[in-house]
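Listing of run23.cif, mmCIF, C-alpha atoms
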data_model
#
loop_
_atom_site.label_atom_id
_atom_site.label_comp_id
_atom_site.auth_asym_id
_atom_site.auth_seq_id
_atom_site.Cartn_x
_atom_site.Cartn_y
_atom_site.Cartn_z
CA MET A 1 5.79 -2.26 -11.78
CA VAL A 2 4.33 1.07 -12.80
CA HIS A 3 2.51 3.25 -10.29
CA PRO A 4 -1.00 3.89 -11.63
CA ASP A 5 -0.88 7.70 -11.40
CA TYR A 6 0.19 8.24 -15.04
CA GLN A 7 3.46 9.94 -14.05
CA TYR A 8 5.46 7.27 -15.88
CA ASP A 9 5.23 6.35 -19.54
CA PRO A 10 4.31 2.65 -19.82
CA THR A 11 5.63 2.55 -23.38
CA LEU A 12 9.12 2.51 -21.85
CA VAL A 13 8.65 -1.05 -20.57
CA PRO A 14 10.94 -2.46 -23.31
CA LYS A 15 13.68 -0.03 -22.22
CA ILE A 16 13.37 -0.87 -18.51
CA ILE A 17 13.46 -4.63 -19.06
CA GLU A 18 16.40 -4.48 -21.47
CA PRO A 19 19.07 -4.79 -18.70
CA LEU A 20 17.17 -7.83 -17.37
CA LEU A 21 17.03 -9.49 -20.77
CA ARG A 22 20.75 -8.86 -21.38
CA GLY A 23 21.56 -10.38 -17.96
CA ASN A 24 23.14 -7.14 -16.71
CA ALA A 25 20.76 -6.64 -13.78
CA ASP A 26 18.20 -8.44 -11.64
CA LEU A 27 16.21 -5.34 -10.73
CA VAL A 28 15.94 -2.12 -12.73
CA LEU A 29 14.73 1.22 -11.40
CA GLY A 30 13.40 3.98 -13.64
CA SER A 31 15.03 7.12 -12.30
CA ARG A 32 13.42 10.53 -12.62
CA LEU A 33 16.69 12.12 -11.50
CA LYS A 34 19.12 10.48 -13.90
CA GLY A 35 19.84 11.98 -17.26
CA GLY A 36 19.23 15.70 -17.27
CA GLY A 37 16.23 17.86 -16.81
CA SER A 38 15.02 19.27 -13.54
CA THR A 39 12.28 17.34 -11.83
CA ILE A 40 11.40 20.53 -9.94
CA GLN A 41 10.89 22.36 -13.27
CA GLN A 42 8.78 19.39 -14.38
CA GLY A 43 6.55 19.89 -11.34
CA MET A 44 7.97 17.84 -8.45
CA PRO A 45 7.39 19.80 -5.23
CA TRP A 46 10.71 21.06 -3.83
CA TRP A 47 10.14 19.36 -0.47
CA LYS A 48 9.67 15.99 -2.22
CA TYR A 49 12.83 16.56 -4.22
CA VAL A 50 14.90 17.42 -1.11
CA SER A 51 13.44 14.46 0.81
CA ASN A 52 14.10 12.12 -2.13
CA ARG A 53 17.75 13.26 -2.34
CA PHE A 54 18.23 12.86 1.44
CA LEU A 55 16.64 9.41 1.64
CA THR A 56 18.47 8.23 -1.49
CA GLY A 57 21.76 9.35 0.09
CA VAL A 58 20.98 7.44 3.29
CA GLU A 59 20.00 4.33 1.31
CA ASN A 60 23.10 4.50 -0.89
CA LEU A 61 25.27 4.59 2.24
CA ALA A 62 23.38 1.74 3.93
CA PHE A 63 23.12 -0.48 0.85
CA GLY A 64 26.57 0.29 -0.55
CA LEU A 65 25.16 1.51 -3.86
CA LYS A 66 25.43 4.64 -6.00
CA LEU A 67 21.95 5.05 -7.43
CA SER A 68 20.44 8.40 -8.40
CA GLU A 69 17.03 7.52 -6.97
CA PHE A 70 15.34 4.78 -4.96
CA HIS A 71 11.86 6.33 -4.74
CA THR A 72 10.54 5.64 -8.18
CA GLY A 73 7.26 4.05 -9.13
CA TYR A 74 8.77 2.46 -12.24
CA ARG A 75 10.60 -0.84 -11.69
CA ALA A 76 11.31 -4.15 -13.34
CA PHE A 77 12.25 -7.39 -11.58
CA ASN A 78 13.51 -10.63 -13.00
CA ARG A 79 11.71 -13.77 -11.94
CA GLU A 80 14.51 -14.94 -9.63
CA VAL A 81 14.21 -11.80 -7.48
CA LEU A 82 10.50 -12.33 -6.99
CA GLU A 83 10.98 -16.02 -6.23
CA THR A 84 13.80 -15.31 -3.76
CA VAL A 85 12.83 -12.31 -1.65
CA ASN A 86 10.17 -12.68 0.98
CA PHE A 87 8.00 -9.83 -0.34
CA ARG A 88 4.86 -11.34 1.17
CA MET A 89 6.09 -10.08 4.56
CA ASN A 90 6.22 -6.48 3.33
CA SER A 91 3.73 -3.75 4.02
CA ASP A 92 0.77 -2.96 1.81
CA GLY A 93 1.74 0.73 1.54
CA PHE A 94 4.27 2.72 -0.44
CA VAL A 95 7.10 1.56 1.83
CA PHE A 96 6.73 -1.85 0.14
CA ASP A 97 8.81 -0.41 -2.71
CA GLN A 98 11.77 0.17 -0.41
CA GLU A 99 11.32 -3.04 1.56
CA ILE A 100 11.69 -5.10 -1.61
CA ILE A 101 14.85 -3.16 -2.54
CA ALA A 102 16.32 -3.86 0.91
CA GLN A 103 15.47 -7.54 0.40
CA ALA A 104 17.08 -7.56 -3.05
CA VAL A 105 20.23 -5.93 -1.67
CA ALA A 106 20.34 -8.38 1.25
CA ALA A 107 20.09 -11.25 -1.26
CA ARG A 108 22.90 -9.65 -3.32
CA PHE A 109 20.90 -9.04 -6.47
CA ARG A 110 22.26 -6.57 -9.03
CA ILE A 111 20.39 -3.29 -9.37
CA ALA A 112 20.56 -0.99 -12.39
CA GLU A 113 18.72 2.15 -13.32
CA ILE A 114 17.62 3.90 -16.46
CA ALA A 115 16.54 7.48 -16.98
CA VAL A 116 12.80 7.91 -17.40
CA PRO A 117 10.85 11.08 -18.05
CA VAL A 118 8.06 11.84 -15.65
CA ARG A 119 4.90 13.92 -15.83
CA TYR A 120 3.55 15.86 -12.87
CA PHE A 121 0.02 17.17 -12.68
CA PRO A 122 -2.44 17.77 -9.82
CA GLU A 123 -3.88 14.24 -9.80
CA ALA A 124 -0.46 12.57 -9.87
CA SER A 125 1.37 11.70 -6.68
CA SER A 126 -1.07 13.50 -4.45
CA ALA A 127 0.50 12.35 -1.18
CA SER A 128 0.23 15.12 1.37
CA PHE A 129 3.17 16.61 3.21
CA SER A 130 2.29 14.70 6.40
CA ALA A 131 1.86 11.41 4.52
CA SER A 132 5.20 12.02 2.82
CA CYS A 133 6.86 12.63 6.22
CA ALA A 134 5.40 9.38 7.55
CA TYR A 135 6.72 7.60 4.43
CA GLY A 136 10.19 9.07 5.03
CA LEU A 137 10.23 7.84 8.62
CA LYS A 138 9.18 4.37 7.46
CA ILE A 139 12.05 4.38 4.95
CA LEU A 140 14.50 5.22 7.74
CA TRP A 141 13.07 2.28 9.71
CA VAL A 142 13.58 -0.04 6.70
CA VAL A 143 17.20 1.11 6.50
CA THR A 144 17.67 0.63 10.25
CA ARG A 145 16.27 -2.92 10.06
CA PHE A 146 18.55 -3.64 7.11
CA LEU A 147 21.65 -2.41 8.98
CA LEU A 148 20.75 -4.37 12.12
CA HIS A 149 20.20 -7.49 10.00
CA ARG A 150 23.43 -7.07 8.05
CA SER A 151 25.46 -6.50 11.22
CA GLY A 152 23.94 -9.61 12.84
CA LEU A 153 22.63 -7.62 15.82
CA LYS A 154 19.00 -8.39 15.00
CA ARG A 155 18.19 -10.80 12.22
CA SER A 156 15.05 -10.10 10.22
CA ARG A 157 13.06 -12.90 8.62
CA ARG A 158 11.80 -10.52 5.98
CA LEU A 159 15.39 -9.82 4.88
CA GLU A 160 16.33 -13.48 4.56
CA SER A 161 15.80 -14.95 1.14
CA ILE A 162 13.18 -17.66 1.02
CA HIS A 163 15.84 -20.16 -0.10
CA GLY A 164 18.25 -19.01 2.61
CA ARG A 165 15.57 -19.27 5.28
CA TYR A 166 14.70 -22.85 4.39
CA THR A 167 18.36 -23.80 4.06
CA ARG A 168 18.94 -22.43 7.57
CA LEU A 169 15.92 -24.30 8.93
CA ASP A 170 17.22 -27.54 7.36
CA ARG A 171 20.63 -27.02 9.00
CA GLU A 172 19.03 -26.34 12.38
CA ALA A 173 16.91 -29.49 12.15
CA GLY A 174 19.99 -31.63 11.49
CA PRO A 175 20.25 -34.71 9.34
CA PRO A 176 17.08 -36.71 8.83
CA SER A 177 16.72 -39.62 11.18
CA GLY A 178 16.21 -42.93 9.48
CA PRO A 179 15.74 -46.57 10.32
#
Go ahead and render the structure in this file as structure tokens.
Amino acid sequence: MVHPDYQYDPTLVPKIIEPLLRGNADLVLGSRLKGGGSTIQQGMPWWKYVSNRFLTGVENLAFGLKLSEFHTGYRAFNREVLETVNFRMNSDGFVFDQEIIAQAVAARFRIAEIAVPVRYFPEASSASFSASCAYGLKILWVVTRFLLHRSGLKRSRRLESIHGRYTRLDREAGPPSGP
């Protein structure tokens, strides 16, 4: 997955899929914040940087991970992830990116990240401050749903793997009745 705003270099696809091909990860994120260089000096607005760091910290705590960034538009998934998570229940907006990560974490898939350079220019990532705030609140809601699901307080169908959901439905139905 590459966001279509030309911030990310699509020639890095071989690098981002390498951990998948080696069997070291199921999902790979291309991090703008890993591996040196200041994203602010490269043009990321300071308020996006601060928000990204805050939300990434919250997500690392909730998901039990230590990633440098969750809010990247450069990702690679192996086939099993896409066949397992119930991504069709996700939103059609930018929060989809975080919903699918929550689903992958709930299904216990392995997540890796690689450093990727990024380009900022006026036409790239033109989300306004208010749209970015709304996105941040939606991310916090995704994390809240994940924590409620994981604790068992409120199960979420969208966080159950497709296989797990049908396995549970089979158990609830009981053994097939026969002649």
Residue neighbourhood range 38-46 of chain A, 7 Å, all atoms listed in the file, exclusion window fewer than 4 positions, as a PyMOL selection string: chain A and resi 32-33+50+119-120
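Relative to CA of Ala25 in chain A, CA of Tyr74 in chain A is found at 15.1 Å.
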Spatial neighbours of Val13 in chain A, 10 Å, only C-alpha atoms, chain gap at least 6 places, as JSON, numbers by chain: {"A": [1, 2, 30, 74, 75, 76]}
On this structure, which residues satisfy the PyMOL selection byres ((chain A and resi 69) around 7), written as a JSON list (two decimals) with C-alpha atoms, in the frame of the given file?
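Resulting contents of out.json:
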[["chain", "number", "residue", "atom", "x", "y", "z"],
["A", 31, "SER", "CA", 15.03, 7.12, -12.30],
["A", 33, "LEU", "CA", 16.69, 12.12, -11.50],
["A", 56, "THR", "CA", 18.47, 8.23, -1.49],
["A", 67, "LEU", "CA", 21.95, 5.05, -7.43],
["A", 68, "SER", "CA", 20.44, 8.40, -8.40],
["A", 70, "PHE", "CA", 15.34, 4.78, -4.96],
["A", 71, "HIS", "CA", 11.86, 6.33, -4.74],
["A", 72, "THR", "CA", 10.54, 5.64, -8.18]]
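For the set A:Gln103, A:Asn90, A:Gln98, A:Ser156, the residue with the smallest atom-to-atom gap to Gly73 in chain A is A:Gln98, counting only C-alpha atoms.
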Computed interatomic separation between CA of Val142 in chain A and CA of Asn78 in chain A (Å): 22.4 Å
Picked residues, the PyMOL selection byres ((chain A and resi 136) around 12), as a PyMOL selection string: chain A and resi 47-48+50-56+58-59+71+94-95+98+127+129-135+137-143
For CA of Val105 in chain A and CA of Arg158 in chain A, the interatomic separation in Å (one decimal): 12.3 Å
Among the residues A:Val116, A:Ala62, A:Ile101, A:Phe77, the one that comes closest to Arg150 in chain A [using only C-alpha atoms]: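 Nearest candidate to Arg150 in chain A out of A:Val116, A:Ala62, A:Ile101, A:Phe77: A:Ala62.
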Expansion of the PyMOL selection byres ((chain A and resi 85) around 10) into residues, as a ChimeraX atom specification: /A:80-84,86-89,99-107,109,158-164
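When all atoms listed in the file are used to compute distances to Val28 in chain A, the closest of the residues A:Arg108, A:Arg157, A:Lys15, A:His149 turns out to be A:Lys15.
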Among listed residues A:Ser128, A:Arg155, A:Thr144, A:Ala112, nearest Gly23 in chain A (using all atoms listed in the file): A:Ala112
Pick from A:Asp9, A:Asp97, A:Glu18, A:Asp92 nearest to Glu113 in chain A, counting all atoms listed in the file: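 So, comparing all the options, the nearest one is A:Glu18.
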Which of A:Ile111, A:Leu61, A:Leu153, A:Val118 sits closest to Leu29 in chain A [using only C-alpha atoms]: A:Ile111
